[in-house]
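Worksheet: the structure to be examined is printed underneath.
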Amino acid sequence: MRAFRSLASLRYRFTLVMLAASLSFGLVVTAIAWFEGERALETHTRQAALATLEAFARPAADRLLTEDDLRLRELLVGMLSNNDRWLRVTVADGSGQVRVQLPAESELRGVDLADAQEVSAVLLDPSVGTMTALISNQEDHRQAGALVLRLGGVMMMLTAAGLAIAGLLGAWLTRDLERLAGLVERIGEGELGVTLPDSGGRDEVAVLARALNRASRKLGDAQEALAVQQAHLVETEKLAAIGSLASGLAHEVANPVGGAMNCLQRLGRPDLTDEKRETYRKLALDATERAATVLKGLLHLARGASFPGHALQEETTVASVLEQPARMASVGSQVPVQLLGPEPTPVRWPRAPVEQILTNLLLNATRAATSKVAVSWQREGDEVLIEVLDDGPGPPAELADRLFEPFFSTRPPGQGTGLGLPVARSIARSLGGDVGLRAGADKGAVAWLRLPCSIDEVSDAA
């Protein structure tokens, strides 16, 4: 498991805690052993030296009282030769005056006396005198150091054994947690319904495992139920789309086709005048053209509005692209189209599909407007935003979202196919842009088109 390979896992944290505890305990024990060992050794040295001094107290007192300094010196020489850790022995009389000191002060030059202790003993009575021995503690320190080294080695072995035990104990303690973490990861990755074998234990981890198993099973059941519901919804949406498409086609295609059939049937009558015959022919032609227009728009919408001219990008300006759609929208309309955008705004667009989008937007605007249609545009970063504003009644708020549905139209039956805006949006999205419609600030509607300034690739699907 990835979660348990890092140093943040419970196993490694438990091991680190055990290591820290072992090292702390070992350092404390080692420090105590060093301190107490040195003190015990120095105490033992002091006691041994004091016993030696007390054993030689009477002979030294006799020689001191008889003022036999020669024999007193011989006595001190013997004491120094038998105690190799003694650095100096001094005998002073009751007044504190030094009578004999071996070796002399000059002979101890260069010897470190800081690491030494003095031990004194009374010669029978304080009025007689005292004998003092200066003893080196280096041997005590060496023995204490050796003791600490041995103790440190033992502590290191104990620490290593503790780490091994901690690792095994940590693995044992976290084994079930790792299994639970693996279960949670699998559930998080979408394997709903997966469970762990029930250990039958009553500890907290076993209780948690059973709770997660129950939750996973419930999630799996919910996922299966949701999948069934989604399948039903998809089928319902398909049926609804087919119904909407069928009703749209029945209205937009069947009516003109039926009218064309009636006209063609009448053309077979022998008593028709030439004028009537021409009238029926034009009516049949208009009806079939209307049906063809609806089917072409539907085909464009289904294919993502792909046009052969898509590959024909050219360097031009927004105003240049708007000229032809503006003229077409003005034909047969009393509403003028005003171009208010700044000049120049250079773009690199495929002219044919963009003109088709703009023609659709402008035709809708001129049919809805009462007195004017204004077109403005501006560059926003790497895109151009074109807005077509009319002063008509505006789209009903409750129908604004449906205007881009195929075959939906607010115009009377027979006056609109309901494919203009859906096809325009499909073309715009295939060019990397989009088309939308919103209510104007005061009244009317604003149809907007947003396109990249440079269109190099065209998607095959909207």
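So you can find residues: chains in the structure tokens are A, B, ... in the order shown, residues in each start at 1, and ligands are numbered from 1 in order.
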For this session: For Leu208 in chain A, work out the shell of residues within 12 Å, counting only C-alpha atoms and skipping chain neighbours fewer than 3 positions away, then give it as a PyMOL selection string.
Result: chain A and resi 176-177+179-181+183-184+196+198-205+211-215
Prev. selection, N, CA and C atoms, output as a PDB file, in the first residue's frame:
```pdb
ATOM      1  N   ASP A 176      -4.291  -4.876  10.237  1.00  0.00           N
ATOM      2  CA  ASP A 176      -5.720  -4.708   9.973  1.00  0.00           C
ATOM      3  C   ASP A 176      -6.031  -3.306   9.472  1.00  0.00           C
ATOM      4  N   LEU A 177      -5.289  -2.314   9.966  1.00  0.00           N
ATOM      5  CA  LEU A 177      -5.511  -0.949   9.484  1.00  0.00           C
ATOM      6  C   LEU A 177      -5.130  -0.827   8.015  1.00  0.00           C
ATOM      7  N   ARG A 179      -5.352  -3.196   5.803  1.00  0.00           N
ATOM      8  CA  ARG A 179      -6.436  -3.817   5.053  1.00  0.00           C
ATOM      9  C   ARG A 179      -7.627  -2.878   4.939  1.00  0.00           C
ATOM     10  N   LEU A 180      -7.928  -2.155   6.047  1.00  0.00           N
ATOM     11  CA  LEU A 180      -9.033  -1.195   6.001  1.00  0.00           C
ATOM     12  C   LEU A 180      -8.722  -0.053   5.050  1.00  0.00           C
ATOM     13  N   ALA A 181      -7.467   0.411   5.065  1.00  0.00           N
ATOM     14  CA  ALA A 181      -7.090   1.486   4.142  1.00  0.00           C
ATOM     15  C   ALA A 181      -7.200   1.028   2.696  1.00  0.00           C
ATOM     16  N   LEU A 183      -9.277  -1.210   1.591  1.00  0.00           N
ATOM     17  CA  LEU A 183     -10.712  -1.262   1.286  1.00  0.00           C
ATOM     18  C   LEU A 183     -11.251   0.121   0.956  1.00  0.00           C
ATOM     19  N   VAL A 184     -10.856   1.115   1.771  1.00  0.00           N
ATOM     20  CA  VAL A 184     -11.338   2.481   1.527  1.00  0.00           C
ATOM     21  C   VAL A 184     -10.832   2.999   0.181  1.00  0.00           C
ATOM     22  N   LEU A 196     -14.312  -6.930   3.055  1.00  0.00           N
ATOM     23  CA  LEU A 196     -13.220  -7.695   3.649  1.00  0.00           C
ATOM     24  C   LEU A 196     -13.797  -8.892   4.390  1.00  0.00           C
ATOM     25  N   ASP A 198     -14.763 -11.193   7.350  1.00  0.00           N
ATOM     26  CA  ASP A 198     -15.052 -10.867   8.742  1.00  0.00           C
ATOM     27  C   ASP A 198     -14.189 -11.736   9.647  1.00  0.00           C
ATOM     28  N   SER A 199     -13.329 -11.079  10.447  1.00  0.00           N
ATOM     29  CA  SER A 199     -12.442 -11.820  11.344  1.00  0.00           C
ATOM     30  C   SER A 199     -13.178 -12.354  12.569  1.00  0.00           C
ATOM     31  N   GLY A 200     -14.364 -11.825  12.845  1.00  0.00           N
ATOM     32  CA  GLY A 200     -15.117 -12.267  14.005  1.00  0.00           C
ATOM     33  C   GLY A 200     -14.655 -11.657  15.309  1.00  0.00           C
ATOM     34  N   GLY A 201     -13.657 -10.762  15.265  1.00  0.00           N
ATOM     35  CA  GLY A 201     -13.166 -10.143  16.477  1.00  0.00           C
ATOM     36  C   GLY A 201     -14.130  -9.098  17.024  1.00  0.00           C
ATOM     37  N   ARG A 202     -13.853  -8.691  18.271  1.00  0.00           N
ATOM     38  CA  ARG A 202     -14.696  -7.690  18.916  1.00  0.00           C
ATOM     39  C   ARG A 202     -13.942  -6.404  19.224  1.00  0.00           C
ATOM     40  N   ASP A 203     -12.703  -6.303  18.755  1.00  0.00           N
ATOM     41  CA  ASP A 203     -11.934  -5.088  19.000  1.00  0.00           C
ATOM     42  C   ASP A 203     -12.426  -3.978  18.077  1.00  0.00           C
ATOM     43  N   GLU A 204     -11.873  -2.772  18.295  1.00  0.00           N
ATOM     44  CA  GLU A 204     -12.337  -1.601  17.557  1.00  0.00           C
ATOM     45  C   GLU A 204     -12.109  -1.738  16.060  1.00  0.00           C
ATOM     46  N   VAL A 205     -10.988  -2.323  15.664  1.00  0.00           N
ATOM     47  CA  VAL A 205     -10.689  -2.458  14.232  1.00  0.00           C
ATOM     48  C   VAL A 205     -11.678  -3.405  13.565  1.00  0.00           C
ATOM     49  N   ALA A 211     -18.388  -2.249   9.870  1.00  0.00           N
ATOM     50  CA  ALA A 211     -19.137  -1.046   9.474  1.00  0.00           C
ATOM     51  C   ALA A 211     -18.812  -0.638   8.040  1.00  0.00           C
ATOM     52  N   LEU A 212     -17.527  -0.711   7.665  1.00  0.00           N
ATOM     53  CA  LEU A 212     -17.141  -0.377   6.293  1.00  0.00           C
ATOM     54  C   LEU A 212     -17.709  -1.391   5.298  1.00  0.00           C
ATOM     55  N   ASN A 213     -17.749  -2.663   5.676  1.00  0.00           N
ATOM     56  CA  ASN A 213     -18.346  -3.664   4.793  1.00  0.00           C
ATOM     57  C   ASN A 213     -19.822  -3.355   4.538  1.00  0.00           C
ATOM     58  N   ARG A 214     -20.538  -2.983   5.608  1.00  0.00           N
ATOM     59  CA  ARG A 214     -21.955  -2.648   5.439  1.00  0.00           C
ATOM     60  C   ARG A 214     -22.114  -1.429   4.538  1.00  0.00           C
ATOM     61  N   ALA A 215     -21.280  -0.405   4.779  1.00  0.00           N
ATOM     62  CA  ALA A 215     -21.369   0.799   3.952  1.00  0.00           C
ATOM     63  C   ALA A 215     -21.041   0.504   2.495  1.00  0.00           C
TER      64      ALA A 215
END
```
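Residues within 9 Å of range 61-68 of chain A, counting only C-alpha atoms and excluding same-chain residues fewer than 5 positions away, are Phe56, Arg73, Val91, Ala92, Asp93, Arg99, Leu123, Leu124, Val128, Gly129 and Thr130 of chain A.
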For this session: Mind checking which residues fall within 8 Å of Val194 in chain A, counting only C-alpha atoms, ignoring those fewer than 3 positions away in the same chain, and posting them as a PyMOL selection string?
Result: chain A and resi 183+186-187+191+213+216-217+220
Exercise. Contacts of Arg46 in chain A at 9 Å or less, counting only C-alpha atoms, minus same-chain residues fewer than 6 places along, as a PyMOL selection string?
Worked result: chain A and resi 117-119+135
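Taking CA of Val77 in chain A and CA of His141 in chain A as the two end points, the separation is 26.0 Å.
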Problem set entry | Selection: 9 Å around range 381-396 of chain A, only C-alpha atoms, excl. self and same-chain fewer than 2 positions, as a VMD selection string | chain A and resid 318 341 345 347 358 361 to 362 365 to 379 398 to 400 403 410 433 437 to 440 442 to 454
If we count only C-alpha atoms, what is near Val122 in chain A at a cut-off of 8 Å, once residues fewer than 3 positions away on the same chain are taken out, given as an mmCIF file with N, CA and C atoms, in the first residue's frame?
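Final output, out-v5.cif:
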```
data_model
loop_
_atom_site.group_PDB
_atom_site.id
_atom_site.type_symbol
_atom_site.label_atom_id
_atom_site.label_comp_id
_atom_site.auth_asym_id
_atom_site.auth_seq_id
_atom_site.Cartn_x
_atom_site.Cartn_y
_atom_site.Cartn_z
ATOM 1 N N GLU A 54 45.291 5.264 58.070
ATOM 2 C CA GLU A 54 45.038 4.936 59.478
ATOM 3 C C GLU A 54 45.939 3.796 59.938
ATOM 4 N N ALA A 57 49.210 5.335 60.795
ATOM 5 C CA ALA A 57 49.130 6.525 61.665
ATOM 6 C C ALA A 57 50.061 6.408 62.879
ATOM 7 N N ASP A 125 46.110 11.852 67.533
ATOM 8 C CA ASP A 125 45.350 12.970 68.094
ATOM 9 C C ASP A 125 45.637 14.196 67.226
ATOM 10 N N PRO A 126 44.655 15.086 67.072
ATOM 11 C CA PRO A 126 44.910 16.275 66.241
ATOM 12 C C PRO A 126 46.086 17.101 66.730
ATOM 13 N N GLY A 129 49.304 15.617 64.964
ATOM 14 C CA GLY A 129 49.529 15.974 63.562
ATOM 15 C C GLY A 129 48.588 15.214 62.634
ATOM 16 N N THR A 130 48.775 15.414 61.352
ATOM 17 C CA THR A 130 47.940 14.765 60.318
ATOM 18 C C THR A 130 48.826 14.260 59.196
ATOM 19 N N MET A 131 48.312 13.254 58.507
ATOM 20 C CA MET A 131 48.994 12.728 57.330
ATOM 21 C C MET A 131 47.993 12.760 56.157
#
```
For this session: Give me the residues within 10 Å of Ser136 in chain A as a count of residues only, counting only C-alpha atoms and dropping any in the same chain fewer than 5 places off.
Result: 15
For this session: Find, counting only C-alpha atoms, the residue in A:Ala164, A:Leu53, A:Val28, A:Met156 that gets nearest to Leu134 in chain A.
Result: A:Leu53
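We find CA of Arg425 in chain A and CA of Leu340 in chain A to be spaced 23.3 Å apart.
Here the question is which of A:Leu147, A:Val89, A:Leu16, A:Leu102 gets nearest to Ala31 in chain A using only C-alpha atoms, and that residue is A:Leu147.
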For this session: Run DSSP on the backbone of this structure and report the residues of range 157-208 of chain A it assigns to helix (DSSP H, G or I), as number ranges by chain.
Result: A: 157-188, 204-208
Problem set entry | Between CA of Ala121 in chain A and CA of Glu38 in chain A, distance in Å (one decimal) | 22.9 Å
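Comparing the minimum interatomic distances between Arg142 in chain A and each of A:Glu185, A:Leu41, A:Gln229, A:Ala51, counting only C-alpha atoms, we find that A:Leu41 sits nearest.
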For this session: Determine the nearest neighbour of Gly432 in chain A from the options A:Val17, A:Glu380, A:Trp349, A:Ala260, counting only C-alpha atoms.
Result: A:Trp349
